[in-house]
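final.cif follows; it contains mmCIF, C-alpha atoms.
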```cif
data_upload
loop_
_atom_site.label_atom_id
_atom_site.label_comp_id
_atom_site.auth_asym_id
_atom_site.auth_seq_id
_atom_site.Cartn_x
_atom_site.Cartn_y
_atom_site.Cartn_z
CA ALA A 1 -104.47 -153.33 -116.55
CA MET A 2 -101.96 -152.01 -119.10
CA VAL A 3 -104.31 -149.12 -119.93
CA LEU A 4 -104.85 -148.31 -116.25
CA ASP A 5 -101.09 -148.10 -115.67
CA ALA A 6 -101.05 -144.87 -117.69
CA LEU A 7 -104.02 -143.25 -115.99
CA PRO A 8 -102.20 -141.49 -113.11
CA ASP A 9 -100.94 -139.01 -115.74
CA LEU A 10 -104.45 -137.85 -116.67
CA THR A 11 -105.20 -134.14 -116.50
CA PRO A 12 -107.60 -132.74 -113.89
CA GLU A 13 -110.15 -132.19 -116.66
CA GLN A 14 -109.94 -135.82 -117.73
CA ILE A 15 -110.27 -136.98 -114.14
CA GLU A 16 -113.39 -134.85 -113.74
CA GLN A 17 -114.82 -136.44 -116.86
CA LEU A 18 -114.36 -139.85 -115.23
CA TRP A 19 -116.20 -138.69 -112.10
CA ASN A 20 -119.00 -137.44 -114.31
CA ALA A 21 -119.13 -140.83 -116.04
CA LEU A 22 -119.29 -142.55 -112.68
CA ALA A 23 -122.21 -140.35 -111.67
CA ASP A 24 -124.15 -141.16 -114.84
CA GLU A 25 -126.28 -144.11 -113.74
CA SER A 26 -127.97 -144.22 -117.14
CA LYS A 27 -124.85 -146.05 -118.37
CA PRO A 28 -124.30 -148.82 -115.78
CA ALA A 29 -121.87 -150.69 -118.04
CA ALA A 30 -119.42 -147.79 -117.77
CA ILE A 31 -119.54 -147.44 -113.99
CA LEU A 32 -116.88 -150.01 -113.08
CA ASN A 33 -114.64 -148.88 -115.91
CA ALA A 34 -114.73 -145.28 -114.71
CA ALA A 35 -114.41 -146.29 -111.06
CA ALA A 36 -111.39 -148.52 -111.73
CA ALA A 37 -109.70 -145.72 -113.63
CA LEU A 38 -110.38 -143.27 -110.80
CA ALA A 39 -109.09 -145.73 -108.22
CA ALA A 40 -105.79 -145.72 -110.09
CA CYS A 41 -105.45 -141.98 -110.69
CA ASN A 42 -107.49 -140.32 -107.92
CA PRO A 43 -107.62 -142.73 -104.94
CA LYS A 44 -107.51 -140.04 -102.23
CA SER A 45 -110.55 -138.11 -103.41
CA SER A 46 -113.19 -137.34 -100.78
CA ARG A 47 -115.84 -138.49 -103.24
CA TRP A 48 -115.14 -142.20 -102.75
CA ASN A 49 -117.40 -142.48 -99.71
CA THR A 50 -120.24 -140.99 -101.75
CA TYR A 51 -119.86 -143.46 -104.58
CA ALA A 52 -118.97 -146.55 -102.50
CA PRO A 53 -122.58 -147.84 -102.41
CA LEU A 54 -122.83 -147.60 -106.19
CA ILE A 55 -119.49 -149.32 -106.79
CA CYS A 56 -120.15 -152.10 -104.28
CA ASN A 57 -123.58 -152.69 -105.74
CA GLN A 58 -121.97 -153.11 -109.14
CA LEU A 59 -119.32 -155.49 -107.83
CA ILE A 60 -121.55 -157.83 -105.85
CA GLY A 61 -124.24 -157.69 -108.49
CA ARG A 62 -121.98 -159.51 -110.96
CA ASP A 63 -121.11 -163.17 -111.10
CA SER A 64 -118.25 -164.41 -108.96
CA GLN A 65 -115.72 -164.63 -111.80
CA THR A 66 -116.41 -161.07 -112.91
CA ALA A 67 -116.29 -159.66 -109.38
CA THR A 68 -113.00 -161.44 -108.74
CA ALA A 69 -111.54 -160.02 -111.95
CA TRP A 70 -112.49 -156.46 -110.98
CA ALA A 71 -111.43 -156.74 -107.33
CA PRO A 72 -107.70 -155.88 -107.73
CA PHE A 73 -108.48 -152.55 -109.40
CA PHE A 74 -110.17 -151.26 -106.25
CA GLU A 75 -107.39 -152.07 -103.80
CA PRO A 76 -106.32 -148.38 -103.65
CA VAL A 77 -109.79 -147.38 -102.35
CA LYS A 78 -110.68 -150.48 -100.37
CA GLN A 79 -111.07 -148.59 -97.08
CA SER A 80 -113.97 -146.67 -98.61
CA LEU A 81 -115.63 -149.87 -99.84
CA VAL A 82 -115.34 -152.00 -96.69
CA PRO A 83 -118.15 -150.32 -94.67
CA GLU A 84 -120.60 -150.73 -97.55
CA LEU A 85 -119.59 -154.35 -98.14
CA CYS A 86 -120.12 -155.02 -94.44
CA LYS A 87 -123.77 -154.02 -94.85
CA SER A 88 -124.27 -156.62 -97.57
CA TYR A 89 -122.32 -159.19 -95.56
CA ARG A 90 -124.78 -158.81 -92.68
CA ASP A 91 -127.94 -158.85 -94.83
CA SER A 92 -129.63 -162.16 -94.00
CA ASP A 93 -132.26 -161.99 -96.75
CA PRO A 94 -132.16 -165.46 -98.39
CA GLN A 95 -132.80 -163.91 -101.79
CA LEU A 96 -129.56 -161.95 -101.49
CA ALA A 97 -127.37 -164.96 -100.66
CA ALA A 98 -125.27 -164.59 -103.82
CA ARG A 99 -124.57 -160.92 -103.10
CA ARG A 100 -123.71 -161.77 -99.49
CA ALA A 101 -121.28 -164.44 -100.66
CA LEU A 102 -119.50 -162.00 -102.99
CA ALA A 103 -119.36 -159.37 -100.26
CA THR A 104 -117.70 -161.95 -98.01
CA ASP A 105 -115.13 -162.81 -100.67
CA LEU A 106 -114.30 -159.14 -101.24
CA LEU A 107 -114.05 -158.41 -97.52
CA SER A 108 -111.62 -161.30 -97.06
CA ARG A 109 -109.41 -159.40 -99.50
CA TYR A 110 -110.04 -155.74 -98.72
CA ALA A 111 -110.09 -156.14 -94.90
CA SER A 112 -107.29 -158.71 -94.73
CA ASP A 113 -104.97 -156.21 -93.04
CA ASP A 114 -107.56 -155.18 -90.44
CA PRO A 115 -108.07 -158.09 -88.02
CA GLN A 116 -110.40 -156.02 -85.84
CA VAL A 117 -112.90 -155.72 -88.70
CA LEU A 118 -112.51 -159.40 -89.58
CA VAL A 119 -113.08 -160.52 -85.99
CA GLU A 120 -116.27 -158.47 -85.81
CA LEU A 121 -117.45 -159.95 -89.11
CA LEU A 122 -116.64 -163.50 -88.12
CA SER A 123 -118.65 -163.05 -84.93
CA SER A 124 -121.84 -163.08 -87.02
CA ALA A 125 -120.62 -165.42 -89.76
CA ASP A 126 -122.68 -168.25 -91.20
CA THR A 127 -120.94 -171.48 -92.22
CA ARG A 128 -119.66 -170.25 -95.58
CA GLN A 129 -118.61 -166.87 -94.26
CA PHE A 130 -116.72 -168.56 -91.44
CA GLU A 131 -114.86 -170.79 -93.88
CA ILE A 132 -113.81 -167.76 -95.94
CA LEU A 133 -112.77 -165.44 -93.09
CA ALA A 134 -111.25 -167.85 -90.55
CA PRO A 135 -108.14 -168.69 -92.66
CA VAL A 136 -107.45 -164.98 -93.17
CA LEU A 137 -107.57 -164.38 -89.42
CA ILE A 138 -105.46 -167.43 -88.65
CA GLU A 139 -102.75 -165.97 -90.89
CA ARG A 140 -102.75 -162.86 -88.67
CA GLY A 141 -101.46 -164.95 -85.77
CA ASP A 142 -101.18 -163.65 -82.22
CA ARG A 143 -102.80 -160.27 -82.88
CA ALA A 144 -105.95 -161.88 -84.29
CA ALA A 145 -106.02 -164.40 -81.42
CA GLU A 146 -105.76 -161.59 -78.88
CA LEU A 147 -108.58 -159.62 -80.52
CA SER A 148 -110.72 -162.76 -80.74
CA SER A 149 -110.25 -163.48 -77.04
CA VAL A 150 -111.16 -159.92 -76.04
CA THR A 151 -114.20 -159.88 -78.34
CA LEU A 152 -115.33 -163.26 -77.00
CA GLU A 153 -115.26 -161.93 -73.44
CA THR A 154 -117.24 -158.88 -74.55
CA HIS A 155 -119.99 -161.03 -76.05
CA LEU A 156 -120.12 -163.20 -72.94
CA THR A 157 -120.52 -160.09 -70.79
CA GLN A 158 -123.20 -158.51 -73.01
CA ARG A 159 -125.32 -161.64 -73.30
CA ALA A 160 -128.82 -160.99 -71.95
CA GLY A 161 -132.47 -161.94 -72.40
CA ASN A 162 -133.66 -163.69 -75.54
CA ASP A 163 -131.04 -162.12 -77.79
CA THR A 164 -129.03 -165.05 -79.14
CA SER A 165 -126.64 -162.98 -81.26
CA HIS A 166 -124.03 -162.80 -78.50
CA ALA A 167 -124.26 -166.56 -77.92
CA GLN A 168 -123.74 -167.24 -81.62
CA ALA A 169 -120.81 -164.83 -81.71
CA ALA A 170 -119.24 -166.48 -78.68
CA ALA A 171 -119.54 -169.90 -80.32
CA ASN A 172 -117.95 -168.66 -83.55
CA LEU A 173 -115.05 -167.01 -81.74
CA ALA A 174 -114.44 -170.02 -79.51
CA ILE A 175 -114.19 -172.22 -82.59
CA LEU A 176 -111.85 -169.76 -84.30
CA LEU A 177 -109.60 -169.78 -81.24
CA THR A 178 -109.67 -173.58 -81.31
CA GLN A 179 -108.46 -173.50 -84.90
CA MET A 180 -105.72 -171.09 -83.82
CA GLY A 181 -104.49 -173.55 -81.22
CA HIS A 182 -106.26 -171.94 -78.24
CA PRO A 183 -109.13 -174.34 -77.48
CA GLU A 184 -109.47 -173.55 -73.77
CA PRO A 185 -112.45 -171.17 -74.16
CA ALA A 186 -114.33 -173.80 -76.17
CA TRP A 187 -113.86 -176.49 -73.54
CA LYS A 188 -114.97 -174.05 -70.84
CA LEU A 189 -118.10 -173.07 -72.77
CA LEU A 190 -119.02 -176.72 -73.29
CA GLU A 191 -119.54 -177.15 -69.54
CA GLN A 192 -123.15 -177.50 -68.43
CA SER A 193 -124.63 -174.22 -67.18
CA PRO A 194 -128.07 -172.79 -66.31
CA ASP A 195 -128.22 -171.15 -69.75
CA PRO A 196 -127.41 -173.82 -72.37
CA THR A 197 -127.61 -171.47 -75.38
CA ILE A 198 -123.90 -171.03 -76.07
CA ARG A 199 -123.19 -174.68 -75.35
CA THR A 200 -125.88 -175.73 -77.84
CA TYR A 201 -124.56 -173.44 -80.57
CA LEU A 202 -121.02 -174.58 -79.90
CA ILE A 203 -121.88 -178.28 -80.13
CA HIS A 204 -123.59 -177.88 -83.48
CA ARG A 205 -120.99 -175.51 -84.91
CA LEU A 206 -117.96 -177.49 -83.77
CA SER A 207 -118.89 -180.23 -86.19
CA ALA A 208 -119.61 -177.82 -89.05
CA TYR A 209 -116.76 -175.35 -88.54
CA ALA A 210 -113.91 -177.03 -86.71
CA ARG A 211 -113.00 -179.27 -89.66
CA ASN A 212 -110.66 -181.27 -87.46
CA PRO A 213 -112.38 -184.03 -85.48
CA GLN A 214 -108.96 -185.16 -84.23
CA VAL A 215 -108.93 -182.13 -81.92
CA LEU A 216 -112.20 -183.32 -80.42
CA MET A 217 -110.95 -186.88 -80.15
CA ASP A 218 -107.78 -185.80 -78.38
CA ARG A 219 -109.74 -183.71 -75.88
CA LEU A 220 -112.26 -186.46 -75.26
CA ALA A 221 -109.43 -188.76 -74.20
CA VAL A 222 -108.30 -186.41 -71.41
CA GLU A 223 -111.36 -184.28 -70.54
CA PRO A 224 -112.33 -184.74 -66.87
CA GLN A 225 -115.67 -182.87 -66.97
CA THR A 226 -118.60 -185.16 -67.72
CA SER A 227 -120.73 -182.44 -69.34
CA VAL A 228 -117.88 -181.47 -71.64
CA ARG A 229 -117.29 -185.08 -72.65
CA ARG A 230 -120.97 -185.46 -73.48
CA ALA A 231 -120.84 -182.28 -75.59
CA ILE A 232 -117.77 -183.49 -77.48
CA VAL A 233 -119.45 -186.80 -78.26
CA LEU A 234 -122.51 -184.94 -79.57
CA ALA A 235 -120.29 -182.76 -81.75
CA LEU A 236 -118.52 -185.82 -83.13
CA GLY A 237 -121.91 -187.32 -83.90
CA ASP A 238 -122.83 -184.24 -85.95
CA THR A 239 -119.67 -184.40 -88.06
CA ASP A 240 -120.29 -184.92 -91.76
CA PRO A 241 -118.75 -188.33 -92.59
CA ASP A 242 -117.73 -187.07 -96.01
CA GLU A 243 -115.55 -184.41 -94.35
CA VAL A 244 -113.57 -186.94 -92.29
CA PRO A 245 -110.77 -189.16 -93.67
CA SER A 246 -111.82 -192.80 -93.59
CA ALA A 247 -109.05 -193.85 -91.19
CA LEU A 248 -109.99 -191.14 -88.69
CA ARG A 249 -113.68 -191.90 -89.10
CA GLN A 250 -112.97 -195.52 -88.24
CA ARG A 251 -111.05 -194.51 -85.10
CA ILE A 252 -113.93 -192.25 -84.03
CA MET A 253 -116.43 -195.09 -84.42
CA GLN A 254 -114.21 -197.49 -82.51
CA HIS A 255 -113.70 -195.02 -79.69
CA LEU A 256 -117.40 -194.23 -79.37
CA ASP A 257 -118.23 -197.92 -79.46
CA HIS A 258 -115.77 -198.40 -76.62
CA LEU A 259 -117.52 -195.65 -74.64
CA LEU A 260 -120.89 -197.30 -75.16
CA ARG A 261 -119.59 -200.53 -73.74
CA THR A 262 -117.42 -199.31 -70.86
CA ASP A 263 -118.29 -195.82 -69.58
CA PRO A 264 -120.61 -195.78 -66.55
CA ASP A 265 -122.05 -192.33 -67.39
CA THR A 266 -125.59 -192.90 -68.72
CA GLY A 267 -125.66 -189.38 -70.20
CA LEU A 268 -122.55 -190.14 -72.20
CA PHE A 269 -124.14 -193.41 -73.29
CA SER A 270 -127.14 -191.46 -74.62
CA ALA A 271 -124.90 -188.97 -76.42
CA ALA A 272 -122.83 -191.69 -78.05
CA ALA A 273 -125.86 -193.74 -79.10
CA TRP A 274 -126.20 -191.73 -82.34
#
```
Is it possible to give me this structure as structure tokens?
Amino acid sequence: AMVLDALPDLTPEQIEQLWNALADESKPAAILNAAAALAACNPKSSRWNTYAPLICNQLIGRDSQTATAWAPFFEPVKQSLVPELCKSYRDSDPQLAARRALATDLLSRYASDDPQVLVELLSSADTRQFEILAPVLIERGDRAAELSSVTLETHLTQRAGNDTSHAQAAANLAILLTQMGHPEPAWKLLEQSPDPTIRTYLIHRLSAYARNPQVLMDRLAVEPQTSVRRAIVLALGDTDPDEVPSALRQRIMQHLDHLLRTDPDTGLFSAAAW
């Protein structure tokens, strides 16, 4: 970092030498060094979009510790890197899971000031990606909540046929809004409907993503809709016991046991029988 601090004073000829080094793929070890130097001294060059795939490939091809160490040097050119990182983020190839994880980590940093991009990414997030991006969006407050609500409505409107991507996106966004203190869309989507796809995704993902069974417990105590109460019980049943404090886990078990013994709804009895 101390060396890079002096780089903005490089001559045009020296800067061109760095671009030439960046273009020389026969020396991959020098690529990030040259790119980091150029990010410091020539961040507004039109050539960044050309070299973004190469730089991103180098970053997410390293181990996590190395990628994290290099990440700050590319802050000045992050807008050029985000679109390329988004491609890796969305690549579902199981063999590229490590690269996808690093792309997610870098996007949580480089796109942290662009909630629109983060909302779109979270819409297709898997469990780990959700856990990385959701806290960043929560920090963005009302603006992120507004964008999430609008994007949720868009996915609900565009849902059609056998394409489940919009249903998964709607479930993710409803859970994010729940974490932000706006759970109303989630409760609405848990109601029984002719198409159970979103409801099914939401039930399974509430337990994995919500990370706060107390929210579900509180709603169960006051929820008037039978289908929603059944869904909440199913979500509670899917919660990983290791993720729940022992005192809260005990209260959940006591409450569900009470439901089994006292509630006349046979569907709720079946849901709680887990």
Which residues are near range 197-206 of chain A? Cut-off 12 Å, only C-alpha atoms, ignore same chain within fewer than 5 positions. Put them as a PyMOL selection string.
chain A and resi 125-128+130-131+152+155-156+159-179+183+185-192+211-216+227-240+271
Applying the PyMOL selection byres ((chain A and resi 135-142) around 8) to the file I just gave you, which residues come out? Please list them as a list in words.
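So the PyMOL selection byres ((chain A and resi 135-142) around 8) ends up selecting Ser108, Ser112, Pro115, Leu118, Val119, Glu131, Ile132, Leu133, Ala134, Arg143, Ala144, Ala145, Glu146, Gln179 and Met180 of chain A.
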Would you translate the PyMOL selection byres ((chain A and resi 66-82) around 8) into the concrete set of residues it matches in this file, as a list in words?
Ala36, Ala39, Ala40, Pro43, Lys44, Trp48, Asn49, Ala52, Pro53, Ile55, Cys56, Leu59, Ile60, Arg62, Asp63, Ser64, Gln65, Pro83, Glu84, Leu85, Cys86, Leu102, Leu106, Leu107, Tyr110 and Ala111 of chain A
When distances are computed from all atoms listed in the file, which of A:Pro28, A:Pro94, A:Pro12, A:Gly61 shows the smallest separation from Asn42 in chain A?
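When distances to Asn42 in chain A are compared using all atoms listed in the file, the smallest one comes from A:Pro12.
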Would you translate the PyMOL selection byres ((chain A and resi 90) around 9) into the concrete set of residues it matches in this file, as a ChimeraX atom specification?
/A:85-89,91-92,100,121,124-125
Hey, can you check how far CA of Pro194 in chain A sits from CA of Ser207 in chain A?
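One can read the CA of Pro194 in chain A to CA of Ser207 in chain A distance as 23.1 Å.
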Suppose you want the space between CA of Lys27 in chain A and CA of Gln14 in chain A; what is it in Å?
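Here the two named atoms are 18.1 Å from each other.
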Nearest-residue call for Asn33 in chain A, choices A:Gln254, A:Gln158, A:Thr151, A:Gln58, using all atoms listed in the file:
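The shortest atom-to-atom distance to Asn33 in chain A comes from A:Gln58.
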Distance CA of Asp114 in chain A-CA of Gln95 in chain A, one decimal place?
29.0 Å
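Considering the residues A:Leu38, A:Ala97, A:Val150, A:Met217 and counting only C-alpha atoms, Leu10 in chain A has its shortest atom-to-atom contact with A:Leu38.
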Find, counting all atoms listed in the file, the residue in A:Ala34, A:Ser148, A:Asp9, A:Asp195 that gets nearest to Ala21 in chain A.
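The shortest atom-to-atom distance to Ala21 in chain A comes from A:Ala34.
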